[in-house]
Structures are given as C-alpha cells and as structure tokens.
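Below is data-v2.txt, holding compact mmCIF, N, CA and C atoms.
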# COMPACT_ATOMS: atom_id res chain seq x y z
N MET A 853 -4.71 40.65 6.60
CA MET A 853 -4.57 39.54 7.50
C MET A 853 -5.36 38.34 6.97
N ILE A 854 -4.75 37.19 6.97
CA ILE A 854 -5.39 35.97 6.48
C ILE A 854 -5.96 35.20 7.67
N ARG A 855 -7.23 34.83 7.54
CA ARG A 855 -7.88 34.06 8.61
C ARG A 855 -7.96 32.59 8.20
N MET A 856 -7.91 31.71 9.19
CA MET A 856 -8.04 30.28 8.93
C MET A 856 -9.38 29.95 8.29
N SER A 857 -10.40 30.72 8.57
CA SER A 857 -11.72 30.45 8.00
C SER A 857 -11.75 30.71 6.49
N ASP A 858 -10.71 31.36 5.95
CA ASP A 858 -10.62 31.62 4.51
C ASP A 858 -10.17 30.39 3.73
N TYR A 859 -9.71 29.36 4.42
CA TYR A 859 -9.16 28.18 3.76
C TYR A 859 -10.13 27.01 3.81
N GLN A 860 -10.16 26.25 2.73
CA GLN A 860 -10.91 25.01 2.69
C GLN A 860 -9.92 23.87 2.93
N PRO A 861 -10.27 22.87 3.71
CA PRO A 861 -9.34 21.75 3.92
C PRO A 861 -9.13 20.99 2.62
N LEU A 862 -7.94 20.49 2.45
CA LEU A 862 -7.60 19.70 1.27
C LEU A 862 -8.09 18.27 1.51
N GLU A 863 -8.97 17.79 0.65
CA GLU A 863 -9.52 16.45 0.81
C GLU A 863 -8.87 15.52 -0.21
N LEU A 864 -8.11 14.55 0.30
CA LEU A 864 -7.44 13.58 -0.55
C LEU A 864 -8.14 12.24 -0.46
N ILE A 865 -8.13 11.50 -1.58
CA ILE A 865 -8.70 10.17 -1.59
C ILE A 865 -7.66 9.18 -2.11
N GLY A 866 -7.80 7.94 -1.71
CA GLY A 866 -6.90 6.89 -2.14
C GLY A 866 -7.47 6.11 -3.31
N ALA A 867 -6.77 5.06 -3.67
CA ALA A 867 -7.13 4.26 -4.83
C ALA A 867 -8.51 3.61 -4.68
N ALA A 868 -8.89 3.19 -3.49
CA ALA A 868 -10.19 2.53 -3.31
C ALA A 868 -11.34 3.47 -3.64
N GLU A 869 -11.29 4.68 -3.12
CA GLU A 869 -12.36 5.65 -3.39
C GLU A 869 -12.34 6.09 -4.85
N PHE A 870 -11.16 6.32 -5.39
CA PHE A 870 -11.05 6.72 -6.79
C PHE A 870 -11.58 5.60 -7.69
N ALA A 871 -11.27 4.36 -7.36
CA ALA A 871 -11.77 3.22 -8.14
C ALA A 871 -13.29 3.17 -8.11
N ARG A 872 -13.88 3.46 -6.96
CA ARG A 872 -15.34 3.48 -6.86
C ARG A 872 -15.93 4.53 -7.81
N LEU A 873 -15.28 5.70 -7.86
CA LEU A 873 -15.75 6.77 -8.75
C LEU A 873 -15.65 6.37 -10.22
N LEU A 874 -14.60 5.60 -10.54
CA LEU A 874 -14.36 5.21 -11.92
C LEU A 874 -15.09 3.92 -12.31
N GLY A 875 -15.56 3.16 -11.31
CA GLY A 875 -16.22 1.90 -11.59
C GLY A 875 -15.24 0.81 -11.99
N THR A 876 -14.07 0.81 -11.38
CA THR A 876 -13.05 -0.21 -11.66
C THR A 876 -12.47 -0.70 -10.34
N SER A 877 -11.42 -1.49 -10.40
CA SER A 877 -10.85 -2.05 -9.18
C SER A 877 -9.80 -1.13 -8.56
N GLN A 878 -9.62 -1.30 -7.28
CA GLN A 878 -8.60 -0.55 -6.54
C GLN A 878 -7.22 -0.87 -7.11
N GLN A 879 -7.00 -2.12 -7.45
CA GLN A 879 -5.70 -2.53 -7.99
C GLN A 879 -5.41 -1.80 -9.30
N ASN A 880 -6.40 -1.69 -10.20
CA ASN A 880 -6.19 -0.97 -11.46
C ASN A 880 -5.81 0.48 -11.22
N VAL A 881 -6.52 1.12 -10.33
CA VAL A 881 -6.27 2.54 -10.05
C VAL A 881 -4.91 2.72 -9.38
N SER A 882 -4.59 1.87 -8.43
CA SER A 882 -3.31 1.97 -7.74
C SER A 882 -2.15 1.80 -8.71
N LEU A 883 -2.22 0.79 -9.57
CA LEU A 883 -1.16 0.57 -10.55
C LEU A 883 -1.05 1.72 -11.54
N ALA A 884 -2.19 2.22 -12.01
CA ALA A 884 -2.18 3.35 -12.93
C ALA A 884 -1.59 4.60 -12.25
N GLY A 885 -1.93 4.79 -10.98
CA GLY A 885 -1.37 5.92 -10.24
C GLY A 885 0.13 5.80 -10.06
N GLN A 886 0.62 4.60 -9.79
CA GLN A 886 2.06 4.38 -9.65
C GLN A 886 2.77 4.66 -10.98
N ARG A 887 2.18 4.19 -12.08
CA ARG A 887 2.78 4.46 -13.40
C ARG A 887 2.79 5.95 -13.70
N ALA A 888 1.71 6.65 -13.34
CA ALA A 888 1.60 8.08 -13.63
C ALA A 888 2.63 8.91 -12.87
N LEU A 889 3.18 8.36 -11.80
CA LEU A 889 4.20 9.08 -11.02
C LEU A 889 5.58 9.02 -11.66
N LYS A 890 5.79 8.12 -12.59
CA LYS A 890 7.10 7.98 -13.21
C LYS A 890 7.37 9.17 -14.12
N PRO A 891 8.60 9.70 -14.10
CA PRO A 891 8.93 10.89 -14.90
C PRO A 891 8.67 10.71 -16.40
N ALA A 892 8.85 9.52 -16.93
CA ALA A 892 8.68 9.30 -18.36
C ALA A 892 7.23 9.02 -18.76
N TYR A 893 6.31 9.04 -17.82
CA TYR A 893 4.91 8.70 -18.10
C TYR A 893 4.30 9.70 -19.07
N ARG A 894 3.65 9.18 -20.11
CA ARG A 894 3.01 10.03 -21.11
C ARG A 894 1.54 9.66 -21.31
N GLY A 895 0.99 8.86 -20.42
CA GLY A 895 -0.40 8.43 -20.53
C GLY A 895 -1.37 9.53 -20.15
N LYS A 896 -2.64 9.16 -20.11
CA LYS A 896 -3.70 10.14 -19.84
C LYS A 896 -4.33 9.99 -18.46
N PHE A 897 -3.88 8.99 -17.68
CA PHE A 897 -4.46 8.81 -16.35
C PHE A 897 -4.06 9.97 -15.45
N LEU A 898 -4.96 10.37 -14.58
CA LEU A 898 -4.74 11.51 -13.68
C LEU A 898 -3.55 11.25 -12.76
N ARG A 899 -2.57 12.12 -12.83
CA ARG A 899 -1.37 11.99 -11.99
C ARG A 899 -1.75 12.26 -10.53
N PRO A 900 -1.30 11.42 -9.61
CA PRO A 900 -1.60 11.64 -8.19
C PRO A 900 -1.06 12.99 -7.71
N ASP A 901 -1.75 13.56 -6.74
CA ASP A 901 -1.35 14.84 -6.16
C ASP A 901 -0.39 14.67 -5.00
N ALA A 902 -0.36 13.47 -4.43
CA ALA A 902 0.50 13.21 -3.27
C ALA A 902 0.73 11.70 -3.18
N VAL A 903 1.72 11.35 -2.37
CA VAL A 903 1.99 9.95 -2.06
C VAL A 903 2.19 9.86 -0.56
N PHE A 904 1.52 8.91 0.07
CA PHE A 904 1.67 8.70 1.50
C PHE A 904 1.95 7.23 1.72
N GLU A 905 3.04 6.93 2.39
CA GLU A 905 3.46 5.56 2.65
C GLU A 905 3.46 4.73 1.37
N GLY A 906 3.93 5.33 0.29
CA GLY A 906 4.05 4.63 -0.99
C GLY A 906 2.77 4.50 -1.77
N ARG A 907 1.68 5.07 -1.27
CA ARG A 907 0.39 4.95 -1.94
C ARG A 907 -0.02 6.28 -2.56
N PRO A 908 -0.50 6.23 -3.82
CA PRO A 908 -0.93 7.47 -4.48
C PRO A 908 -2.22 8.02 -3.87
N LEU A 909 -2.29 9.34 -3.83
CA LEU A 909 -3.49 10.04 -3.35
C LEU A 909 -3.84 11.13 -4.35
N TRP A 910 -5.13 11.35 -4.50
CA TRP A 910 -5.61 12.37 -5.42
C TRP A 910 -6.51 13.35 -4.67
N ARG A 911 -6.51 14.61 -5.12
CA ARG A 911 -7.47 15.57 -4.58
C ARG A 911 -8.86 15.12 -5.02
N ARG A 912 -9.80 15.11 -4.08
CA ARG A 912 -11.15 14.63 -4.39
C ARG A 912 -11.77 15.41 -5.55
N ASP A 913 -11.65 16.71 -5.57
CA ASP A 913 -12.29 17.51 -6.62
C ASP A 913 -11.73 17.15 -8.00
N ARG A 914 -10.43 16.96 -8.10
CA ARG A 914 -9.82 16.59 -9.39
C ARG A 914 -10.22 15.17 -9.79
N ALA A 915 -10.26 14.26 -8.82
CA ALA A 915 -10.63 12.87 -9.11
C ALA A 915 -12.08 12.79 -9.59
N GLU A 916 -12.96 13.53 -8.94
CA GLU A 916 -14.37 13.53 -9.35
C GLU A 916 -14.54 14.11 -10.75
N GLU A 917 -13.81 15.17 -11.04
CA GLU A 917 -13.86 15.79 -12.37
C GLU A 917 -13.34 14.82 -13.43
N TYR A 918 -12.24 14.13 -13.13
CA TYR A 918 -11.66 13.16 -14.05
C TYR A 918 -12.64 12.00 -14.28
N ALA A 919 -13.21 11.48 -13.22
CA ALA A 919 -14.16 10.37 -13.33
C ALA A 919 -15.37 10.78 -14.17
N GLN A 920 -15.85 11.98 -13.95
CA GLN A 920 -17.00 12.47 -14.72
C GLN A 920 -16.65 12.57 -16.21
N SER A 921 -15.42 12.98 -16.52
CA SER A 921 -15.01 13.11 -17.93
C SER A 921 -14.88 11.75 -18.61
N LYS A 922 -14.70 10.68 -17.83
CA LYS A 922 -14.55 9.34 -18.38
C LYS A 922 -15.88 8.63 -18.59
N LYS A 923 -16.94 9.16 -18.02
CA LYS A 923 -18.26 8.54 -18.19
C LYS A 923 -18.78 8.84 -19.59
N SER A 924 -19.29 7.82 -20.24
CA SER A 924 -19.79 8.02 -21.60
C SER A 924 -21.11 8.78 -21.54
N PRO A 925 -21.35 9.61 -22.55
CA PRO A 925 -22.62 10.34 -22.58
C PRO A 925 -23.79 9.37 -22.76
N PRO A 926 -24.95 9.71 -22.22
CA PRO A 926 -26.11 8.81 -22.36
C PRO A 926 -26.50 8.65 -23.84
N SER A 927 -26.83 7.44 -24.21
CA SER A 927 -27.26 7.21 -25.60
C SER A 927 -28.70 7.66 -25.77
N THR A 928 -29.00 8.16 -26.95
CA THR A 928 -30.36 8.67 -27.21
C THR A 928 -31.12 7.77 -28.13
Let's see the structure in the file written out as structure tokens.
Amino acid sequence: MIRMSDYQPLELIGAAEFARLLGTSQQNVSLAGQRALKPAYRGKFLRPDAVFEGRPLWRRDRAEEYAQSKKSPPST
C-alpha cells in the first residue's frame, strides 16, 4: 500500500527564480527556456520540465543543480 506521506511535493520554479539562481535576467532565462522547448533544439540550456500558461517551469532541484554546474570554480 502506498501512503501519501511517501511522496515529496514537486516544486517548480519559473524564469524569475531560475534567473536569480543563475545571476542573469528573467528575460534571458525565459527566452532560453522557450528555445529549449523546440524539437530541433540542440543547445545546452536546461530544458523546462513543464509549461504553464505559455511559461516555462523547471523542477527546483534540477535548476539548482544546473546553476551550481554553471558557477566557475573559485580561483586560487
């Protein structure tokens, strides 16, 4: 038997929050997300996990992981 307590809620974020994580503008993230949704897209930007009212949404955990991978390592 599966209990509801076994599930974690899915947390989605929009372009504004993702842009904050990346240190760029909401417009840049929104446009990149729209491009990433196109079937012929071959870029490296994280493909949105969902679209709501025409706006791309990403799972928070994936967006945070992607943003962390884009940060340059500290210089020594």
Pick out the residues sitting within 6 Å of stretch 897-903 of chain A, and hand them over as a list in words; count all atoms listed in the file, and ignore anything fewer than 6 positions along from it in its own chain.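 Everything that qualifies: Gly885, Ala888, Leu889, Leu909, Trp910 and Arg911 of chain A.
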Run DSSP on the backbone and give me the residues of chain A it puts in strand (DSSP E), as an NGL selection string. :A and (864-865 or 902-904 or 907-911)
So which residues touch A:Leu874 within 8 Å, counting all atoms listed in the file, skipping near sequence neighbours fewer than 2 positions away, as a ChimeraX atom specification? /A:868-872,876-877,915,918-920,922-923
Could you jot down the atom N of A:Gly906 to atom C of A:Pro861 separation for me, Å, one decimal place? 20.5 Å
What gap, in Å, lies between atom C of A:Pro908 and atom CA of A:Gly866?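 Atom C of A:Pro908 sits 5.1 Å away from atom CA of A:Gly866.
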Distance atom CA of A:Glu905-atom CA of A:Gln886, one decimal place? 12.4 Å
